>>> print(open('my_file.cif').read())   # mmCIF, C-alpha atoms
data_upload
#
loop_
_atom_site.group_PDB
_atom_site.id
_atom_site.type_symbol
_atom_site.label_atom_id
_atom_site.label_comp_id
_atom_site.auth_asym_id
_atom_site.auth_seq_id
_atom_site.Cartn_x
_atom_site.Cartn_y
_atom_site.Cartn_z
ATOM 1 C CA ARG M 1 13.346 3.798 1.501
ATOM 2 C CA GLN M 2 10.096 2.025 2.348
ATOM 3 C CA LEU M 3 7.430 3.586 4.566
ATOM 4 C CA SER M 4 4.314 1.903 5.937
ATOM 5 C CA LYS M 5 1.511 4.365 6.714
ATOM 6 C CA ARG M 6 -1.863 3.348 8.082
ATOM 7 C CA TRP M 7 -4.847 4.538 10.062
ATOM 8 C CA GLN M 8 -6.608 2.631 12.797
ATOM 9 C CA SER M 9 -9.112 3.042 15.606
ATOM 10 C CA LEU M 10 -8.274 2.722 19.295
ATOM 11 C CA ASP M 11 -9.144 -0.994 19.137
ATOM 12 C CA GLY M 12 -6.839 -1.590 16.171
ATOM 13 C CA SER M 13 -9.516 -1.686 13.453
ATOM 14 C CA ILE M 14 -9.091 -0.238 9.960
ATOM 15 C CA ALA M 15 -12.550 -1.218 8.661
ATOM 16 C CA ASP M 16 -15.907 -2.337 9.986
ATOM 17 C CA ALA M 17 -16.924 -5.980 10.421
ATOM 18 C CA TYR M 18 -17.891 -6.102 6.722
ATOM 19 C CA SER M 19 -14.386 -4.965 5.658
ATOM 20 C CA GLN M 20 -15.729 -1.576 4.562
ATOM 21 C CA SER M 21 -13.140 1.133 5.158
ATOM 22 C CA LEU M 22 -14.183 4.064 7.309
ATOM 23 C CA PRO M 23 -12.976 7.702 7.386
ATOM 24 C CA LEU M 24 -10.757 7.538 10.461
ATOM 25 C CA SER M 25 -8.335 10.449 10.261
ATOM 26 C CA GLY M 26 -8.917 14.131 10.905
ATOM 27 C CA ARG M 27 -8.245 16.945 8.451
ATOM 28 C CA GLU M 28 -4.688 17.643 9.588
ATOM 29 C CA SER M 29 -3.831 13.941 9.649
ATOM 30 C CA MET M 30 -5.061 13.700 6.071
ATOM 31 C CA ARG M 31 -2.864 16.653 5.091
ATOM 32 C CA MET M 32 0.097 14.935 6.742
ATOM 33 C CA THR M 33 -0.623 11.760 4.770
ATOM 34 C CA HIS M 34 -0.780 13.680 1.501
ATOM 35 C CA ALA M 35 2.490 15.435 2.330
ATOM 36 C CA LEU M 36 4.066 12.019 2.923
ATOM 37 C CA ARG M 37 2.716 10.851 -0.425
ATOM 38 C CA ALA M 38 4.265 13.862 -2.132
ATOM 39 C CA SER M 39 7.666 12.993 -0.631
ATOM 40 C CA HIS M 40 7.702 9.492 -2.151
ATOM 41 C CA ASP M 41 8.265 8.283 -5.696
ATOM 42 C CA SER M 42 5.508 5.703 -5.452
ATOM 43 C CA ILE M 43 2.537 4.615 -3.339
ATOM 44 C CA LEU M 44 1.345 1.019 -3.006
ATOM 45 C CA VAL M 45 -1.985 -0.612 -2.212
ATOM 46 C CA GLY M 46 -3.444 -4.070 -2.728
ATOM 47 C CA VAL M 47 -6.081 -4.856 -5.335
ATOM 48 C CA ASN M 48 -8.755 -5.302 -2.639
ATOM 49 C CA THR M 49 -8.236 -1.683 -1.611
ATOM 50 C CA VAL M 50 -8.776 -0.630 -5.232
ATOM 51 C CA ILE M 51 -11.924 -2.771 -5.481
ATOM 52 C CA ASN M 52 -13.447 -1.780 -2.119
ATOM 53 C CA ASP M 53 -12.323 1.852 -1.720
ATOM 54 C CA ASN M 54 -11.555 3.036 -5.273
ATOM 55 C CA PRO M 55 -8.825 5.439 -4.036
ATOM 56 C CA SER M 56 -7.281 8.278 -6.035
ATOM 57 C CA LEU M 57 -3.870 8.130 -4.254
ATOM 58 C CA THR M 58 -3.201 11.781 -5.064
ATOM 59 C CA VAL M 59 -1.764 14.713 -3.073
ATOM 60 C CA ARG M 60 -4.785 16.955 -3.591
ATOM 61 C CA HIS M 61 -4.634 18.390 -0.035
ATOM 62 C CA VAL M 62 -1.058 19.698 -0.377
ATOM 63 C CA GLU M 63 1.271 21.041 -3.044
ATOM 64 C CA GLY M 64 3.493 18.516 -4.779
ATOM 65 C CA ASP M 65 3.563 15.766 -7.365
ATOM 66 C CA ASN M 66 1.384 12.682 -7.197
ATOM 67 C CA PRO M 67 3.379 9.508 -6.512
ATOM 68 C CA LYS M 68 3.241 6.641 -8.989
ATOM 69 C CA PRO M 69 0.544 4.183 -7.836
ATOM 70 C CA VAL M 70 1.491 0.517 -7.587
ATOM 71 C CA VAL M 71 -1.219 -2.115 -7.165
ATOM 72 C CA LEU M 72 -0.461 -5.630 -5.906
ATOM 73 C CA ASP M 73 -2.732 -7.692 -8.146
ATOM 74 C CA SER M 74 -1.610 -11.288 -8.603
ATOM 75 C CA LYS M 75 -4.542 -12.314 -10.823
ATOM 76 C CA LEU M 76 -5.147 -9.062 -12.750
ATOM 77 C CA ALA M 77 -8.417 -8.377 -10.952
ATOM 78 C CA SER M 78 -8.100 -4.562 -10.988
ATOM 79 C CA PRO M 79 -11.386 -3.054 -12.209
ATOM 80 C CA VAL M 80 -10.970 -1.044 -15.392
ATOM 81 C CA THR M 81 -13.568 1.427 -14.038
ATOM 82 C CA SER M 82 -11.328 2.425 -11.094
ATOM 83 C CA LYS M 83 -10.260 6.040 -10.639
ATOM 84 C CA LEU M 84 -6.635 5.020 -11.099
ATOM 85 C CA LEU M 85 -7.429 3.994 -14.671
ATOM 86 C CA THR M 86 -10.100 6.533 -15.602
ATOM 87 C CA SER M 87 -9.709 9.781 -13.643
ATOM 88 C CA ASP M 88 -7.727 12.638 -15.167
ATOM 89 C CA ALA M 89 -6.640 13.573 -11.624
ATOM 90 C CA CYS M 90 -4.873 10.238 -11.060
ATOM 91 C CA GLU M 91 -1.524 8.911 -12.148
ATOM 92 C CA ARG M 92 -1.870 5.693 -14.122
ATOM 93 C CA PRO M 93 -0.783 2.685 -12.059
ATOM 94 C CA LEU M 94 1.787 -0.027 -12.266
ATOM 95 C CA ILE M 95 -0.063 -3.331 -11.817
ATOM 96 C CA ALA M 96 2.214 -5.859 -10.127
ATOM 97 C CA THR M 97 1.092 -9.369 -11.061
ATOM 98 C CA THR M 98 2.384 -12.930 -11.016
ATOM 99 C CA MET M 99 0.798 -13.676 -14.381
ATOM 100 C CA ASN M 100 2.995 -13.936 -17.469
ATOM 101 C CA ILE M 101 1.165 -11.675 -19.897
ATOM 102 C CA LYS M 102 3.032 -13.181 -22.861
ATOM 103 C CA ASP M 103 1.425 -16.559 -22.135
ATOM 104 C CA LEU M 104 -2.120 -15.344 -21.515
ATOM 105 C CA LYS M 105 -4.634 -17.118 -23.696
ATOM 106 C CA PRO M 106 -7.680 -15.324 -25.126
ATOM 107 C CA GLY M 107 -10.190 -14.948 -22.333
ATOM 108 C CA GLU M 108 -11.087 -12.892 -19.290
ATOM 109 C CA ALA M 109 -7.542 -12.351 -17.934
ATOM 110 C CA SER M 110 -6.069 -11.417 -21.307
ATOM 111 C CA GLY M 111 -8.994 -9.056 -21.904
ATOM 112 C CA ARG M 112 -8.438 -7.301 -18.562
ATOM 113 C CA CYS M 113 -4.738 -7.023 -19.330
ATOM 114 C CA ALA M 114 -5.458 -5.424 -22.701
ATOM 115 C CA ASN M 115 -7.979 -3.003 -21.164
ATOM 116 C CA ILE M 116 -5.576 -1.980 -18.382
ATOM 117 C CA GLN M 117 -2.887 -1.207 -20.935
ATOM 118 C CA ARG M 118 -5.345 0.567 -23.222
ATOM 119 C CA LEU M 119 -6.276 2.892 -20.360
ATOM 120 C CA GLY M 120 -2.629 3.720 -19.640
ATOM 121 C CA GLY M 121 -1.844 1.223 -16.889
ATOM 122 C CA GLN M 122 1.393 -0.749 -16.999
ATOM 123 C CA ILE M 123 1.702 -4.454 -16.239
ATOM 124 C CA MET M 124 4.731 -5.432 -14.138
ATOM 125 C CA GLN M 125 5.393 -9.167 -13.846
ATOM 126 C CA CYS M 126 6.857 -10.367 -10.530
ATOM 127 C CA GLU M 127 7.788 -13.731 -9.085
ATOM 128 C CA LYS M 128 5.362 -15.660 -6.869
ATOM 129 C CA ASN M 129 5.845 -16.273 -3.164
ATOM 130 C CA ALA M 130 4.939 -19.542 -1.428
ATOM 131 C CA ASN M 131 1.269 -18.500 -1.359
ATOM 132 C CA GLY M 132 1.143 -17.738 -5.069
ATOM 133 C CA ARG M 133 1.032 -13.974 -4.490
ATOM 134 C CA VAL M 134 3.451 -11.273 -5.565
ATOM 135 C CA ASP M 135 6.812 -11.799 -3.890
ATOM 136 C CA ILE M 136 7.770 -8.575 -2.089
ATOM 137 C CA ARG M 137 11.503 -8.808 -2.826
ATOM 138 C CA SER M 138 10.797 -9.452 -6.502
ATOM 139 C CA LEU M 139 8.467 -6.436 -6.486
ATOM 140 C CA MET M 140 11.135 -4.198 -4.967
ATOM 141 C CA TYR M 141 13.648 -5.347 -7.578
ATOM 142 C CA GLN M 142 11.230 -4.538 -10.389
ATOM 143 C CA LEU M 143 10.583 -1.087 -8.902
ATOM 144 C CA SER M 144 14.321 -0.410 -8.624
ATOM 145 C CA ILE M 145 14.715 -1.189 -12.324
ATOM 146 C CA ARG M 146 12.156 1.558 -12.947
ATOM 147 C CA LYS M 147 14.183 4.037 -10.834
ATOM 148 C CA ILE M 148 11.628 4.080 -8.016
ATOM 149 C CA GLN M 149 13.712 4.702 -4.895
ATOM 150 C CA SER M 150 11.060 5.413 -2.248
ATOM 151 C CA LEU M 151 7.784 3.594 -1.673
ATOM 152 C CA MET M 152 4.889 4.402 0.644
ATOM 153 C CA VAL M 153 2.733 1.391 1.558
ATOM 154 C CA GLU M 154 -0.841 2.331 2.519
ATOM 155 C CA GLY M 155 -2.703 -0.968 2.648
ATOM 156 C CA GLY M 156 -4.758 -2.956 3.006
ATOM 157 C CA ALA M 157 -4.169 -5.071 6.057
ATOM 158 C CA SER M 158 -2.687 -8.143 4.362
ATOM 159 C CA VAL M 159 -0.370 -5.969 2.286
ATOM 160 C CA ILE M 160 0.916 -4.167 5.387
ATOM 161 C CA ARG M 161 1.526 -7.505 7.112
ATOM 162 C CA SER M 162 3.394 -8.845 4.075
ATOM 163 C CA PHE M 163 5.692 -5.829 3.948
ATOM 164 C CA LEU M 164 6.369 -5.721 7.692
ATOM 165 C CA SER M 165 7.202 -9.429 7.755
ATOM 166 C CA SER M 166 9.478 -9.075 4.720
ATOM 167 C CA GLY M 167 12.066 -7.077 6.662
ATOM 168 C CA LEU M 168 12.080 -4.357 4.001
ATOM 169 C CA VAL M 169 10.207 -1.517 5.745
ATOM 170 C CA ASP M 170 12.365 1.254 7.221
ATOM 171 C CA LEU M 171 9.791 3.476 8.869
ATOM 172 C CA CYS M 172 6.216 3.131 10.088
ATOM 173 C CA ILE M 173 3.683 5.858 10.856
ATOM 174 C CA ILE M 174 0.343 4.986 12.448
ATOM 175 C CA THR M 175 -2.533 7.418 12.873
ATOM 176 C CA VAL M 176 -4.789 6.358 15.762
ATOM 177 C CA ALA M 177 -8.263 7.886 15.704
ATOM 178 C CA PRO M 178 -10.183 8.308 18.985
ATOM 179 C CA THR M 179 -12.969 5.875 18.161
ATOM 180 C CA LEU M 180 -13.945 2.227 18.661
ATOM 181 C CA ILE M 181 -15.087 0.084 15.728
ATOM 182 C CA GLY M 182 -14.758 -3.597 16.630
ATOM 183 C CA GLY M 183 -14.040 -4.443 13.016
ATOM 184 C CA PHE M 184 -11.291 -5.684 10.699
ATOM 185 C CA LYS M 185 -7.869 -5.530 12.346
ATOM 186 C CA ALA M 186 -4.981 -3.505 10.933
ATOM 187 C CA ILE M 187 -2.631 -6.516 10.932
ATOM 188 C CA PRO M 188 -4.436 -9.861 10.539
ATOM 189 C CA SER M 189 -3.238 -12.744 12.692
ATOM 190 C CA ASP M 190 -0.647 -15.014 11.123
ATOM 191 C CA PRO M 191 1.271 -17.402 13.412
ATOM 192 C CA GLN M 192 3.900 -17.897 10.681
ATOM 193 C CA ALA M 193 4.746 -14.221 10.325
ATOM 194 C CA ARG M 194 7.808 -12.626 11.930
ATOM 195 C CA PHE M 195 7.942 -8.908 12.554
ATOM 196 C CA PRO M 196 10.883 -6.538 13.110
ATOM 197 C CA ASP M 197 11.604 -4.786 16.385
ATOM 198 C CA THR M 198 10.501 -1.173 16.795
ATOM 199 C CA VAL M 199 13.075 1.477 17.723
ATOM 200 C CA ASP M 200 13.079 5.256 18.208
ATOM 201 C CA VAL M 201 9.346 5.358 18.933
ATOM 202 C CA GLU M 202 7.837 8.846 19.063
ATOM 203 C CA TYR M 203 4.306 10.106 19.698
ATOM 204 C CA ALA M 204 2.551 13.312 18.709
ATOM 205 C CA LYS M 205 -0.989 14.653 18.943
ATOM 206 C CA LEU M 206 -2.512 16.102 15.769
ATOM 207 C CA GLU M 207 -5.951 17.568 16.443
ATOM 208 C CA ASN M 208 -7.810 14.597 17.980
ATOM 209 C CA ASP M 209 -5.541 11.945 16.429
ATOM 210 C CA LEU M 210 -2.478 10.282 17.937
ATOM 211 C CA ILE M 211 0.457 9.892 15.540
ATOM 212 C CA VAL M 212 2.873 7.052 16.325
ATOM 213 C CA HIS M 213 6.186 7.209 14.455
ATOM 214 C CA PHE M 214 8.958 4.608 14.690
ATOM 215 C CA GLN M 215 11.895 3.047 12.888
ATOM 216 C CA LEU M 216 12.142 -0.700 12.280
ATOM 217 C CA ASN M 217 15.150 -2.844 13.168
ATOM 218 C CA ASN M 218 15.260 -5.531 10.489
ATOM 219 C CA THR M 219 18.495 -7.228 11.570
ATOM 220 C CA LYS M 220 16.658 -10.489 12.385
ATOM 221 C CA PHE M 221 15.902 -10.707 8.653
ATOM 222 C CA GLY M 222 19.542 -10.226 7.706
ATOM 223 C CA ALA M 223 18.920 -6.607 6.644
ATOM 224 C CA ASP M 224 21.295 -3.753 7.441
#
>>> encode(input="my_file.cif", output="structure tokens")
Amino acid sequence: RQLSKRWQSLDGSIADAYSQSLPLSGRESMRMTHALRASHDSILVGVNTVINDNPSLTVRHVEGDNPKPVVLDSKLASPVTSKLLTSDACERPLIATTMNIKDLKPGEASGRCANIQRLGGQIMQCEKNANGRVDIRSLMYQLSIRKIQSLMVEGGASVIRSFLSSGLVDLCIITVAPTLIGGFKAIPSDPQARFPDTVDVEYAKLENDLIVHFQLNNTKFGAD
């Protein structure tokens, strides 16, 4: 099971014009997000989210176990000072990369790899896609080997687009905050991307936020 969960403003922004994330959801929406995290084996973000937001990816607002963090990080750019690698409150992450750690020569990348592992992070090698980034289907195969059966994808924008266009997301939940930002869009434009059809769309109000919940029909991708 793969879930995409994101927040956005009324104008579809998830960050300001400088790509700085903003606190968009209300208290109850945050509790809902943490409950969703607790119901999944793993939670995934891209390396830019780790660099810019330094998230904890915990379930501190509800009871339950923290999901295993997964970071899409093709070039091993994850900062070793991040909460995911240093905070006692955080689960140590799986770093999904396209780099073959066995072939790394002494230098910056091999040093980062060693530091990530020293701090408790795990390196997970995946195949490259056409853009040289982590291939989503290869990632899902590697996670299945590790007995991870449910994944919650939180962002950022390019990561959400990659998953939606892969045909592998089953369910999407969007929290819409009643504000206008005029900033970085939740799904960046890509004329090459194909997206699944939405089905069983439902809406609910949670405090001042609008929650949009829908299934995805991935049959155009050959998925059942």
>>> atom_distance(input="my_file.cif", atom1="CA of Asp41 (chain M)", atom2="CA of Gly64 (chain M)")
11.3 Å
>>> resolve_selection(input="my_file.cif", expression="the PyMOL selection byres ((chain M and resi 199) around 7)", output="PyMOL selection string")
chain M and resi 197-198+200-201+214-217
>>> resolve_selection(input="my_file.cif", expression="the PyMOL selection byres ((chain M and resi 140-147) around 10)", output="list in words")
Gln2, Asp41, Ser42, Val70, Leu94, Ala96, Met124, Gln125, Cys126, Glu127, Asp135, Ile136, Arg137, Ser138, Leu139, Ile148, Gln149, Ser150, Leu151 and Leu168 of chain M
>>> resolve_selection(input="my_file.cif", expression="the PyMOL selection byres ((chain M and resi 82) around 12)", output="PyMOL selection string")
chain M and resi 47-57+71+77-81+83-88+90-93+115-116+119+121
>>> atom_distance(input="my_file.cif", atom1="CA of Lys205 (chain M)", atom2="CA of Glu154 (chain M)")
20.5 Å
>>> closest_residue(input="my_file.cif", among="M:Val62, M:Ile123, M:Val212, M:Leu76", to="His34 (chain M)", atoms="all atoms listed in the file")
M:Val62
>>> closest_residue(input="my_file.cif", among="M:Ser162, M:Gln117, M:Thr98, M:Gln8", to="Val45 (chain M)", atoms="all atoms listed in the file")
M:Ser162
>>> atom_distance(input="my_file.cif", atom1="CA of Asn66 (chain M)", atom2="CA of Leu36 (chain M)")
10.5 Å
>>> axis_aligned_box(input="my_file.cif", around="region 133-150 of chain M", padding_each_side="8 Å", output="AutoDock Vina command-line options")
--center_x 7.9 --center_y -4.3 --center_z -7.5 --size_x 29.7 --size_y 35.4 --size_z 26.9
>>> residues_near_point(input="my_file.cif", point="(-7.9, 18.1, 1.3)", cutoff="7 Å", atoms="all atoms listed in the file", output="list in words")
Arg31, Arg60 and His61 of chain M
>>> closest_residue(input="my_file.cif", among="M:Ala35, M:Ala193, M:Leu10, M:Ala157", to="Ile181 (chain M)", atoms="only C-alpha atoms")
M:Leu10
>>> closest_residue(input="my_file.cif", among="M:Met152, M:Ile173, M:Met30, M:Leu180", to="His213 (chain M)", atoms="all atoms listed in the file")
M:Ile173
>>> closest_residue(input="my_file.cif", among="M:Asn100, M:Ala177, M:Gly167, M:Arg27", to="Pro196 (chain M)", atoms="all atoms listed in the file")
M:Gly167
